[in-house]
>>> print(open('structure21.txt').read())   # compact mmCIF, C-alpha atoms
# COMPACT_ATOMS: atom_id res chain seq x y z
CA MET O 128 -8.30 8.39 2.95
CA HIS O 129 -4.99 8.87 4.63
CA GLU O 130 -4.40 12.53 3.88
CA LEU O 131 -3.74 13.39 7.53
CA PRO O 132 -0.62 11.21 7.96
CA VAL O 133 0.47 12.31 4.49
CA THR O 134 0.12 15.96 5.48
CA GLU O 135 2.03 15.33 8.70
CA SER O 136 4.79 13.85 6.61
CA ILE O 137 4.84 16.93 4.37
CA LEU O 138 5.17 19.14 7.43
CA GLU O 139 7.96 17.03 8.90
CA ILE O 140 9.98 17.09 5.66
CA ALA O 141 9.46 20.82 5.11
CA LEU O 142 10.47 21.73 8.68
CA ARG O 143 13.53 19.49 8.55
CA HIS O 144 14.81 21.13 5.35
CA ALA O 145 13.90 24.60 6.59
CA GLU O 146 15.88 24.05 9.74
CA ALA O 147 18.87 22.79 7.79
CA ALA O 148 18.73 26.05 5.80
CA SER O 149 18.44 28.13 9.01
CA ALA O 150 15.12 29.48 7.80
CA THR O 151 12.77 31.52 9.95
CA ARG O 152 9.71 30.97 7.79
CA VAL O 153 8.53 28.59 5.06
CA THR O 154 6.46 30.46 2.47
CA ASP O 155 5.94 27.93 -0.34
CA ILE O 156 6.02 24.16 -0.73
CA TYR O 157 6.23 22.52 -4.16
CA LEU O 158 4.75 19.03 -4.43
CA VAL O 159 4.71 16.68 -7.40
CA ILE O 160 1.91 14.12 -7.65
CA GLY O 161 1.64 11.39 -10.28
CA GLN O 162 -1.66 11.00 -12.10
CA LEU O 163 -2.28 7.62 -10.49
CA ALA O 164 -1.38 8.55 -6.90
CA SER O 165 -4.55 8.60 -4.85
CA ILE O 166 -4.02 11.95 -3.21
CA VAL O 167 -6.70 14.63 -2.88
CA ASP O 168 -5.21 18.13 -3.03
CA ASP O 169 -8.08 19.81 -1.21
CA SER O 170 -7.90 17.46 1.78
CA ILE O 171 -4.20 18.04 2.15
CA GLN O 172 -4.74 21.79 2.07
CA PHE O 173 -7.47 21.43 4.70
CA TYR O 174 -5.28 19.43 7.09
CA TRP O 175 -2.28 21.63 6.32
CA ASP O 176 -3.98 24.76 7.57
CA MET O 177 -4.72 23.00 10.86
CA ILE O 178 -1.48 21.20 11.60
CA SER O 179 1.00 23.83 10.41
CA GLU O 180 -0.59 26.47 12.60
CA ASP O 181 2.04 26.80 15.32
CA THR O 182 5.10 26.18 13.17
CA ILE O 183 7.34 28.35 10.99
CA ALA O 184 5.50 26.83 8.02
CA ALA O 185 2.14 28.27 9.07
CA GLY O 186 0.37 29.86 6.13
CA ALA O 187 2.77 28.40 3.57
CA ARG O 188 1.27 28.00 0.09
CA LEU O 189 1.10 24.42 -1.17
CA HIS O 190 1.71 24.09 -4.90
CA PHE O 191 0.53 20.84 -6.43
CA LYS O 192 1.97 19.84 -9.77
CA ARG O 193 0.21 16.85 -11.33
CA ILE O 194 2.31 14.88 -13.77
CA PRO O 195 0.88 12.39 -16.26
CA ALA O 196 1.36 8.66 -15.87
CA GLU O 197 3.40 6.66 -18.32
CA MET O 198 2.26 3.25 -19.54
CA LEU O 199 3.85 0.55 -21.67
CA CYS O 200 1.80 -1.66 -24.00
CA PHE O 201 3.09 -5.24 -24.15
CA ASP O 202 1.22 -5.89 -27.40
CA CYS O 203 2.69 -3.12 -29.56
CA GLN O 204 5.53 -1.92 -27.30
CA VAL O 205 4.44 1.72 -27.45
CA THR O 206 4.75 3.92 -24.36
CA TYR O 207 1.93 6.38 -23.84
CA GLN O 208 0.18 8.66 -21.38
CA PRO O 209 -3.23 7.25 -20.41
CA GLY O 210 -6.35 9.41 -20.29
CA GLU O 211 -8.48 9.81 -17.19
CA GLY O 212 -10.01 6.47 -16.23
CA GLU O 213 -8.90 4.69 -19.41
CA LEU O 214 -5.69 2.72 -19.19
CA ALA O 215 -5.85 0.70 -22.45
CA CYS O 216 -3.32 1.35 -25.22
CA PRO O 217 -4.53 4.17 -27.51
CA GLN O 218 -2.61 2.77 -30.49
CA CYS O 219 -3.77 -0.86 -30.63
CA GLY O 220 -6.46 -0.95 -27.94
CA GLY O 221 -4.38 -3.56 -26.10
CA ARG O 222 -5.03 -4.25 -22.46
CA HIS O 223 -1.76 -6.03 -21.67
CA VAL O 224 -0.21 -2.91 -20.28
CA LYS O 225 2.04 -1.93 -17.43
CA VAL O 226 2.34 1.25 -15.39
CA VAL O 227 5.86 2.61 -15.86
CA SER O 228 5.31 5.63 -13.64
CA GLY O 229 2.41 7.63 -12.26
CA GLU O 230 2.34 6.99 -8.53
CA GLN O 231 4.98 9.54 -7.59
CA PHE O 232 4.38 11.76 -4.62
CA ARG O 233 7.31 13.89 -3.62
CA MET O 234 8.38 17.30 -2.43
CA GLU O 235 10.52 19.06 -5.00
CA ALA O 236 11.45 22.24 -3.16
CA ILE O 237 10.48 24.74 -0.52
CA GLU O 238 10.86 28.50 -0.43
CA VAL O 239 11.99 29.93 2.84
CA GLU O 240 12.81 33.22 4.45
CA SER O 241 15.66 33.65 6.81
CA ALA O 242 17.09 36.40 8.96
CA GLU O 243 19.68 38.60 7.19
CA GLY O 244 23.11 37.13 7.54
CA ALA O 245 21.95 33.66 8.47
CA LEU O 246 22.45 32.46 4.91
CA SER O 247 25.75 34.16 4.23
CA ARG O 248 27.64 32.25 6.89
CA GLU O 249 29.03 29.81 4.33
CA MET E 899 15.66 37.38 2.31
CA LYS E 900 14.02 34.59 0.38
CA GLU E 901 15.61 31.40 -0.83
CA ARG E 902 14.56 28.24 -2.67
CA VAL E 903 15.66 25.00 -1.06
CA GLN E 904 15.76 21.86 -3.21
CA VAL E 905 14.21 18.93 -1.37
CA VAL E 906 13.37 16.05 -3.75
CA GLU E 907 12.16 13.64 -1.10
CA ASN E 908 9.34 11.11 -1.27
CA ILE E 909 6.52 12.13 1.03
CA LEU E 910 6.25 8.60 2.39
CA SER E 911 10.01 8.16 2.69
CA ALA E 912 9.80 7.70 6.48
CA ASN E 913 7.36 4.85 5.99
CA ASP E 914 9.49 3.34 3.23
CA ARG E 915 12.58 3.51 5.42
CA LEU E 916 10.85 1.68 8.25
CA ALA E 917 9.42 -0.84 5.79
CA GLY E 918 13.01 -1.53 4.77
CA GLU E 919 13.91 -2.16 8.40
CA ASN E 920 10.98 -4.53 8.82
CA ARG E 921 12.06 -6.43 5.71
CA ALA E 922 15.62 -6.69 7.00
CA ARG E 923 14.41 -8.13 10.31
CA LEU E 924 12.25 -10.69 8.55
CA ASN E 925 15.13 -11.64 6.25
CA GLN E 926 17.54 -11.95 9.16
CA ASN E 927 15.24 -14.51 10.73
CA ARG E 928 14.26 -16.00 7.39
CA VAL E 929 10.59 -15.39 8.08
CA LEU E 930 8.31 -15.03 5.06
CA GLY E 931 5.99 -12.03 5.45
CA LEU E 932 2.57 -11.96 3.75
CA ASN E 933 0.46 -8.81 3.64
CA LEU E 934 -3.21 -9.75 3.18
CA MET E 935 -5.42 -6.96 1.91
CA ALA E 936 -9.11 -6.92 1.02
CA SER E 937 -12.36 -5.11 1.55
CA PRO E 938 -14.22 -5.78 4.82
CA GLY E 939 -15.93 -9.16 4.69
CA ALA E 940 -13.96 -10.61 1.77
CA GLY E 941 -12.62 -13.37 3.99
CA LYS E 942 -9.20 -12.31 5.23
CA THR E 943 -9.63 -13.91 8.64
CA SER E 944 -11.30 -16.99 7.14
CA LEU E 945 -8.38 -17.47 4.75
CA ILE E 946 -5.99 -17.11 7.67
CA GLU E 947 -7.90 -19.78 9.62
CA ARG E 948 -7.81 -22.11 6.61
CA THR E 949 -4.13 -21.38 6.00
CA LEU E 950 -3.29 -22.10 9.63
CA ALA E 951 -5.29 -25.33 9.56
CA GLY E 952 -3.27 -26.40 6.50
CA LEU E 953 0.17 -25.32 7.65
CA VAL E 954 0.26 -25.22 11.43
CA ASP E 955 1.60 -28.78 11.71
CA GLU E 956 4.59 -28.00 9.51
CA LEU E 957 5.27 -24.28 10.10
CA ARG E 958 5.43 -21.90 13.03
CA VAL E 959 3.16 -19.03 12.15
CA ALA E 960 2.38 -15.64 13.67
CA VAL E 961 -0.51 -13.40 12.66
CA VAL E 962 -0.55 -9.62 13.04
CA ASP E 963 -4.09 -8.28 12.84
CA GLY E 964 -4.86 -4.72 11.98
CA ASP E 965 -8.30 -3.42 12.85
CA VAL E 966 -9.83 -0.15 13.82
CA ALA E 967 -11.11 -1.75 17.03
CA THR E 968 -11.56 -5.08 18.88
CA SER E 969 -9.38 -8.20 18.99
CA ILE E 970 -11.93 -10.48 17.32
CA ASP E 971 -9.61 -11.37 14.44
CA ALA E 972 -6.53 -11.96 16.58
CA ASP E 973 -8.62 -14.18 18.86
CA ARG E 974 -9.70 -16.23 15.84
CA ALA E 975 -6.11 -16.55 14.63
CA ALA E 976 -4.93 -17.59 18.10
CA ALA E 977 -7.68 -20.18 18.32
CA ALA E 978 -6.49 -21.57 14.99
CA GLY E 979 -3.01 -22.15 16.38
CA ALA E 980 -0.99 -19.02 15.62
CA THR E 981 0.84 -16.56 17.80
CA ALA E 982 -1.40 -13.53 17.35
CA VAL E 983 -0.82 -9.82 17.83
CA GLN E 984 -3.66 -7.34 17.49
CA ILE E 985 -2.97 -3.80 16.33
CA ASN E 986 -5.85 -1.41 16.94
CA THR E 987 -5.29 1.47 14.60
CA GLY E 988 -7.72 3.71 16.47
CA GLY E 989 -9.51 4.85 13.34
CA GLU E 990 -6.62 4.76 10.91
CA CYS E 991 -7.70 3.12 7.67
CA HIS E 992 -4.57 1.08 6.94
CA LEU E 993 -1.53 -0.47 8.59
CA ASP E 994 1.76 1.28 8.01
CA ALA E 995 5.37 0.28 8.52
CA VAL E 996 5.52 2.00 11.92
CA MET E 997 2.65 -0.10 13.29
CA LEU E 998 4.16 -3.33 11.97
CA HIS E 999 7.54 -2.30 13.36
CA GLY E 1000 5.95 -2.07 16.82
CA ALA E 1001 4.21 -5.42 16.41
CA LEU E 1002 7.44 -7.16 15.36
CA GLU E 1003 9.00 -5.99 18.65
CA GLY E 1004 6.59 -8.24 20.48
CA LEU E 1005 7.32 -11.35 18.41
CA ALA E 1006 10.12 -13.89 18.77
CA LEU E 1007 10.96 -13.84 15.05
CA ASP E 1008 13.69 -16.42 15.42
CA GLU E 1009 11.04 -18.93 16.44
CA LEU E 1010 8.88 -18.30 13.36
CA GLU E 1011 8.77 -19.27 9.72
CA LEU E 1012 5.70 -17.43 8.47
CA LEU E 1013 4.25 -14.04 9.38
CA ILE E 1014 0.79 -13.22 8.10
CA VAL E 1015 -0.27 -9.58 8.35
CA GLU E 1016 -3.99 -8.98 8.09
CA ASN E 1017 -4.39 -5.40 6.94
CA VAL E 1018 -7.38 -3.19 7.72
CA GLY E 1019 -10.37 -4.01 5.51
CA ASN E 1020 -10.09 -1.34 2.82
CA LEU E 1021 -9.37 -1.38 -0.93
CA ILE E 1022 -7.74 2.03 -1.13
CA CYS E 1023 -5.35 3.11 1.60
CA PRO E 1024 -3.36 -0.07 2.32
CA ALA E 1025 -2.10 0.02 -1.29
CA SER E 1026 -0.10 3.18 -0.56
CA PHE E 1027 1.81 2.03 2.51
CA ALA E 1028 4.62 -0.50 2.18
CA LEU E 1029 5.00 -2.66 5.29
CA GLY E 1030 8.21 -4.51 4.49
CA THR E 1031 6.50 -7.87 3.98
CA HIS E 1032 7.72 -9.98 1.05
CA VAL E 1033 4.45 -10.63 -0.69
CA SER E 1034 1.23 -8.65 -1.02
CA VAL E 1035 -1.93 -10.67 -1.52
CA LEU E 1036 -5.34 -9.29 -2.41
CA ILE E 1037 -8.44 -11.27 -1.51
CA ALA E 1038 -11.38 -10.50 -3.77
CA SER E 1039 -14.68 -12.21 -3.13
CA VAL E 1040 -17.54 -13.08 -5.44
CA PRO E 1041 -20.35 -11.18 -3.63
CA GLU E 1042 -18.36 -7.92 -3.85
CA GLY E 1043 -19.08 -7.81 -7.57
CA ASP E 1044 -17.01 -8.22 -10.71
CA ASP E 1045 -16.31 -4.49 -11.19
CA LYS E 1046 -13.84 -4.08 -8.32
CA PRO E 1047 -10.64 -4.15 -10.41
CA TYR E 1048 -12.03 -1.30 -12.47
CA LYS E 1049 -13.00 0.71 -9.39
CA TYR E 1050 -9.89 0.12 -7.27
CA PRO E 1051 -7.05 -0.02 -9.81
CA ALA E 1052 -4.24 0.97 -7.44
CA MET E 1053 -4.96 -1.99 -5.18
CA TYR E 1054 -5.16 -4.49 -8.04
CA ARG E 1055 -2.03 -3.08 -9.66
CA GLY E 1056 0.19 -3.34 -6.62
CA VAL E 1057 -0.25 -6.93 -5.44
CA ASP E 1058 1.71 -10.12 -6.16
CA ALA E 1059 -1.11 -12.63 -5.90
CA LEU E 1060 -4.88 -12.60 -6.06
CA VAL E 1061 -7.23 -14.88 -4.15
CA ILE E 1062 -10.83 -15.04 -5.40
CA ASN E 1063 -12.79 -16.22 -2.37
CA LYS E 1064 -16.37 -17.53 -2.08
CA ILE E 1065 -16.42 -19.14 -5.52
CA ASP E 1066 -19.07 -21.52 -4.14
CA LEU E 1067 -21.43 -18.54 -4.48
CA LEU E 1068 -20.88 -18.12 -8.24
CA PRO E 1069 -24.19 -19.84 -9.16
CA TYR E 1070 -26.15 -17.51 -6.88
CA VAL E 1071 -24.82 -14.01 -7.56
CA GLU E 1072 -24.24 -11.77 -10.58
CA PHE E 1073 -20.51 -12.15 -11.08
CA ASN E 1074 -19.01 -12.40 -14.55
CA LEU E 1075 -15.66 -14.09 -13.99
CA ASP E 1076 -14.41 -13.20 -17.52
CA TYR E 1077 -15.18 -9.51 -17.02
CA PHE E 1078 -13.49 -9.58 -13.60
CA LYS E 1079 -10.41 -11.34 -14.98
CA ALA E 1080 -10.15 -8.94 -17.95
CA GLY E 1081 -9.95 -6.05 -15.51
CA VAL E 1082 -7.33 -7.80 -13.42
CA GLU E 1083 -5.30 -8.75 -16.50
CA MET E 1084 -5.21 -5.14 -17.66
CA LEU E 1085 -3.89 -3.88 -14.35
CA ASN E 1086 -1.64 -6.73 -13.37
CA PRO E 1087 -0.79 -8.96 -16.35
CA GLY E 1088 0.00 -12.56 -15.49
CA ILE E 1089 -0.72 -12.25 -11.76
CA VAL E 1090 -1.00 -15.60 -10.01
CA THR E 1091 -4.63 -16.22 -9.06
CA PHE E 1092 -6.26 -18.63 -6.60
CA PRO E 1093 -10.00 -19.16 -6.99
CA LEU E 1094 -11.17 -20.86 -3.81
CA SER E 1095 -13.81 -21.10 -1.14
CA CYS E 1096 -12.86 -20.80 2.51
CA ARG E 1097 -16.29 -22.18 3.40
CA THR E 1098 -16.10 -25.43 1.41
CA GLY E 1099 -12.33 -25.70 1.25
CA VAL E 1100 -12.26 -26.09 -2.53
CA GLY E 1101 -9.16 -24.63 -4.20
CA LEU E 1102 -7.11 -24.24 -1.01
CA GLY E 1103 -4.44 -26.75 -2.07
CA PRO E 1104 -2.74 -24.58 -4.71
CA TRP E 1105 -2.81 -21.59 -2.34
CA LEU E 1106 -1.10 -23.53 0.46
CA ASP E 1107 1.48 -24.89 -2.01
CA TRP E 1108 2.20 -21.35 -3.18
CA VAL E 1109 2.84 -20.18 0.41
CA ARG E 1110 5.11 -23.19 0.99
CA ALA E 1111 7.00 -22.41 -2.24
CA GLY E 1112 7.46 -18.76 -1.20
CA LEU E 1113 9.00 -19.84 2.08
CA LYS E 1114 11.24 -22.36 0.34
CA ASP E 1115 12.48 -19.62 -2.02
CA LEU E 1116 13.30 -17.36 0.92
CA ARG E 1117 15.14 -20.08 2.80
CA ARG E 1118 17.14 -21.32 -0.17
>>> encode(input="structure21.txt", output="structure tokens")
Amino acid sequence: MHELPVTESILEIALRHAEAASATRVTDIYLVIGQLASIVDDSIQFYWDMISEDTIAAGARLHFKRIPAEMLCFDCQVTYQPGEGELACPQCGGRHVKVVSGEQFRMEAIEVESAEGALSRE
Amino acid sequence: MKERVQVVENILSANDRLAGENRARLNQNRVLGLNLMASPGAGKTSLIERTLAGLVDELRVAVVDGDVATSIDADRAAAAGATAVQINTGGECHLDAVMLHGALEGLALDELELLIVENVGNLICPASFALGTHVSVLIASVPEGDDKPYKYPAMYRGVDALVINKIDLLPYVEFNLDYFKAGVEMLNPGIVTFPLSCRTGVGLGPWLDWVRAGLKDLRR
């Protein structure tokens, strides 16, 4: 799997936004992962602990929020959330279906600390 | 003091941005980009050899080969008449937009019509990384087994065309074509499919016509 480059990307995005906010430390990172995105939380956490070590994001907690996929059935036009490993339409059993969403993988927010005064300059 | 900073950024946004640049460069030069993906041994390089044999008299083609190591595939593509660039990913399991971006630097795009990218043999990771090519093609092969769409849904969901290679082996191996196709249909309804054999050459005609049609569309 490609969790290492993915984790490097998480670090890059977090540090960029932390710097823009004049932060001195990143304490929490909130990630959203679609049900169908092939991302393994544990591997990301494993790489994170290694690669964030010498940065202001060292020790930050990673929060993973899994969101369900959304599918559309072409046979009966219903939209539904598929179960684990079963993509067919629960209403009519149809297999002419399309993934509407479910492969998201994004960073929603970070929590940062900054030196007193650094944030009140605006 | 503590503060929450809204980010809302795709984790692979850097890759997607570079993929966009790659696409723009291909469009500028009106070069059709194909991204060939498959498991190891499905016949990516064989399909490239057959495609070159069929098109090299009418089109100028370059092949970018992604592999963990060696230049075996690029050598085969060069021998078949293409300009070939080998990318050794050094262990990385897929090509990404950054690697293709580097490879495009070394190609005279204005002297090309078709760019074939041979991704690293893998049915998982390449599905997650856009390259900026126009069309993604998955090569399945009969000896792999008929359960692959069910086991690798993300790969089957994300492609624009499906080649089923080694159909000359259908009489000799357990492969239920109906079961295979039902899985494909569920994940990617109506996908254009090319059953063929790179060994015997059967079924290559419709595939070559489809590549020609894609290029014609781009150049219209």
>>> atom_distance(input="structure21.txt", atom1="atom CA of E:Leu1102", atom2="atom CA of E:Val1082")
20.6 Å
>>> closest_residue(input="structure21.txt", among="O:Phe191, O:Gly210, O:Met234, O:Ala184", to="O:Ala145", atoms="only C-alpha atoms")
O:Ala184
>>> interface_residues(input="structure21.txt", of="chain O", to="chain E", cutoff="7 Å", atoms="all atoms listed in the file", output="NGL selection string")
:O and (128-129 or 133 or 136-137 or 222-225 or 232-243)
>>> closest_residue(input="structure21.txt", among="O:Asp155, O:Glu130, O:Asp202, O:Glu146", to="O:Ala215", atoms="only C-alpha atoms")
O:Asp202
>>> atom_distance(input="structure21.txt", atom1="atom CA of E:Arg921", atom2="atom CA of E:His1032")
7.3 Å
>>> residues_around(input="structure21.txt", residues="E:Met935", least_positions_apart="6", cutoff="12 Å", atoms="only C-alpha atoms", output="PyMOL selection string")
chain E and resi 941-943+945-946+963-965+991-993+1014-1029+1033-1039+1053-1054+1056-1061
>>> atom_distance(input="structure21.txt", atom1="atom CA of E:Ala972", atom2="atom CA of E:Leu930")
19.0 Å
>>> residues_around(input="structure21.txt", residues="O:Cys219", least_positions_apart="6", cutoff="12 Å", atoms="only C-alpha atoms", output="list in words")
Leu199, Cys200, Phe201, Asp202, Cys203, Gln204, Val205, Thr206 and Tyr207 of chain O
>>> closest_residue(input="structure21.txt", among="O:Gln208, O:Lys192, O:Ala164, O:His144", to="O:Gln231", atoms="only C-alpha atoms")
O:Ala164
>>> axis_aligned_box(input="structure21.txt", around="stretch 1008-1025 of chain E", padding_each_side="8 Å", output="lines of an AutoDock Vina configuration file")
center_x = 1.7
center_y = -8.1
center_z = 7.6
size_x = 40.1
size_y = 38.4
size_z = 33.7
>>> closest_residue(input="structure21.txt", among="E:Ala1006, E:Ala960, E:Phe1073, E:Val1090", to="E:Gln984", atoms="all atoms listed in the file")
E:Ala960
>>> closest_residue(input="structure21.txt", among="E:Leu924, E:Leu957, E:Ile985, E:Ala940", to="E:Ser969", atoms="all atoms listed in the file")
E:Ile985
>>> closest_residue(input="structure21.txt", among="O:Gln172, O:Thr134, O:Thr182, O:Ser228", to="O:Pro195", atoms="all atoms listed in the file")
O:Ser228
>>> decode(input="structure21.txt", residues="stretch 158-237 of chain O", atoms="C-alpha atoms", output="compact mmCIF listing (two decimals), in the first residue's frame")
# COMPACT_ATOMS: atom_id res chain seq x y z
CA LEU O 158 -9.17 13.41 8.63
CA VAL O 159 -12.24 12.25 6.73
CA ILE O 160 -12.08 8.95 4.84
CA GLY O 161 -14.80 7.56 2.59
CA GLN O 162 -15.87 3.96 3.12
CA LEU O 163 -14.45 2.92 -0.25
CA ALA O 164 -11.08 4.70 0.01
CA SER O 165 -8.38 2.09 0.44
CA ILE O 166 -6.63 3.68 3.38
CA VAL O 167 -5.50 1.79 6.48
CA ASP O 168 -5.69 3.97 9.59
CA ASP O 169 -3.15 1.97 11.58
CA SER O 170 -0.48 2.20 8.88
CA ILE O 171 -0.88 5.94 8.64
CA GLN O 172 -0.54 6.26 12.40
CA PHE O 173 2.59 4.08 12.26
CA TYR O 174 4.27 6.20 9.57
CA TRP O 175 3.04 9.40 11.19
CA ASP O 176 4.89 8.74 14.42
CA MET O 177 8.11 8.28 12.44
CA ILE O 178 7.96 11.11 9.93
CA SER O 179 6.47 13.83 12.14
CA GLU O 180 9.18 13.35 14.75
CA ASP O 181 11.26 16.47 14.19
CA THR O 182 8.45 18.82 13.24
CA ILE O 183 6.02 21.02 15.17
CA ALA O 184 3.41 18.33 14.44
CA ALA O 185 5.29 15.66 16.39
CA GLY O 186 2.96 13.75 18.67
CA ALA O 187 -0.19 15.21 17.10
CA ARG O 188 -3.27 13.00 17.46
CA LEU O 189 -4.75 11.79 14.18
CA HIS O 190 -8.54 11.55 14.22
CA PHE O 191 -10.04 9.39 11.49
CA LYS O 192 -13.68 9.88 10.66
CA ARG O 193 -15.06 7.22 8.31
CA ILE O 194 -18.05 8.30 6.29
CA PRO O 195 -20.36 5.88 4.48
CA ALA O 196 -20.39 5.57 0.71
CA GLU O 197 -23.39 6.59 -1.33
CA MET O 198 -24.61 4.49 -4.25
CA LEU O 199 -27.25 4.97 -6.92
CA CYS O 200 -29.25 2.06 -8.35
CA PHE O 201 -29.97 2.45 -12.06
CA ASP O 202 -32.77 -0.12 -11.91
CA CYS O 203 -34.97 1.48 -9.23
CA GLN O 204 -33.30 4.91 -8.94
CA VAL O 205 -32.90 4.66 -5.17
CA THR O 206 -29.79 6.06 -3.49
CA TYR O 207 -28.45 4.03 -0.59
CA GLN O 208 -25.49 3.36 1.66
CA PRO O 209 -23.92 -0.02 0.86
CA GLY O 210 -22.94 -2.48 3.57
CA GLU O 211 -19.41 -3.82 4.00
CA GLY O 212 -18.42 -5.84 0.94
CA GLU O 213 -21.91 -5.81 -0.60
CA LEU O 214 -22.56 -3.15 -3.19
CA ALA O 215 -25.85 -4.40 -4.71
CA CYS O 216 -29.06 -2.39 -4.23
CA PRO O 217 -30.78 -3.36 -0.95
CA GLN O 218 -34.22 -2.43 -2.32
CA CYS O 219 -34.39 -4.38 -5.59
CA GLY O 220 -31.19 -6.43 -5.47
CA GLY O 221 -30.08 -4.67 -8.67
CA ARG O 222 -26.46 -4.73 -9.68
CA HIS O 223 -26.55 -1.86 -12.16
CA VAL O 224 -25.29 0.59 -9.63
CA LYS O 225 -22.94 3.53 -9.50
CA VAL O 226 -20.76 4.93 -6.74
CA VAL O 227 -21.87 8.51 -6.08
CA SER O 228 -19.35 9.10 -3.32
CA GLY O 229 -17.20 7.05 -0.97
CA GLU O 230 -13.61 7.58 -2.05
CA GLN O 231 -13.08 10.86 -0.23
CA PHE O 232 -9.87 11.37 1.67
CA ARG O 233 -9.37 14.84 3.01
CA MET O 234 -8.17 16.87 5.95
CA GLU O 235 -10.99 18.80 7.56
CA ALA O 236 -9.14 20.77 10.22
CA ILE O 237 -6.16 20.93 12.50
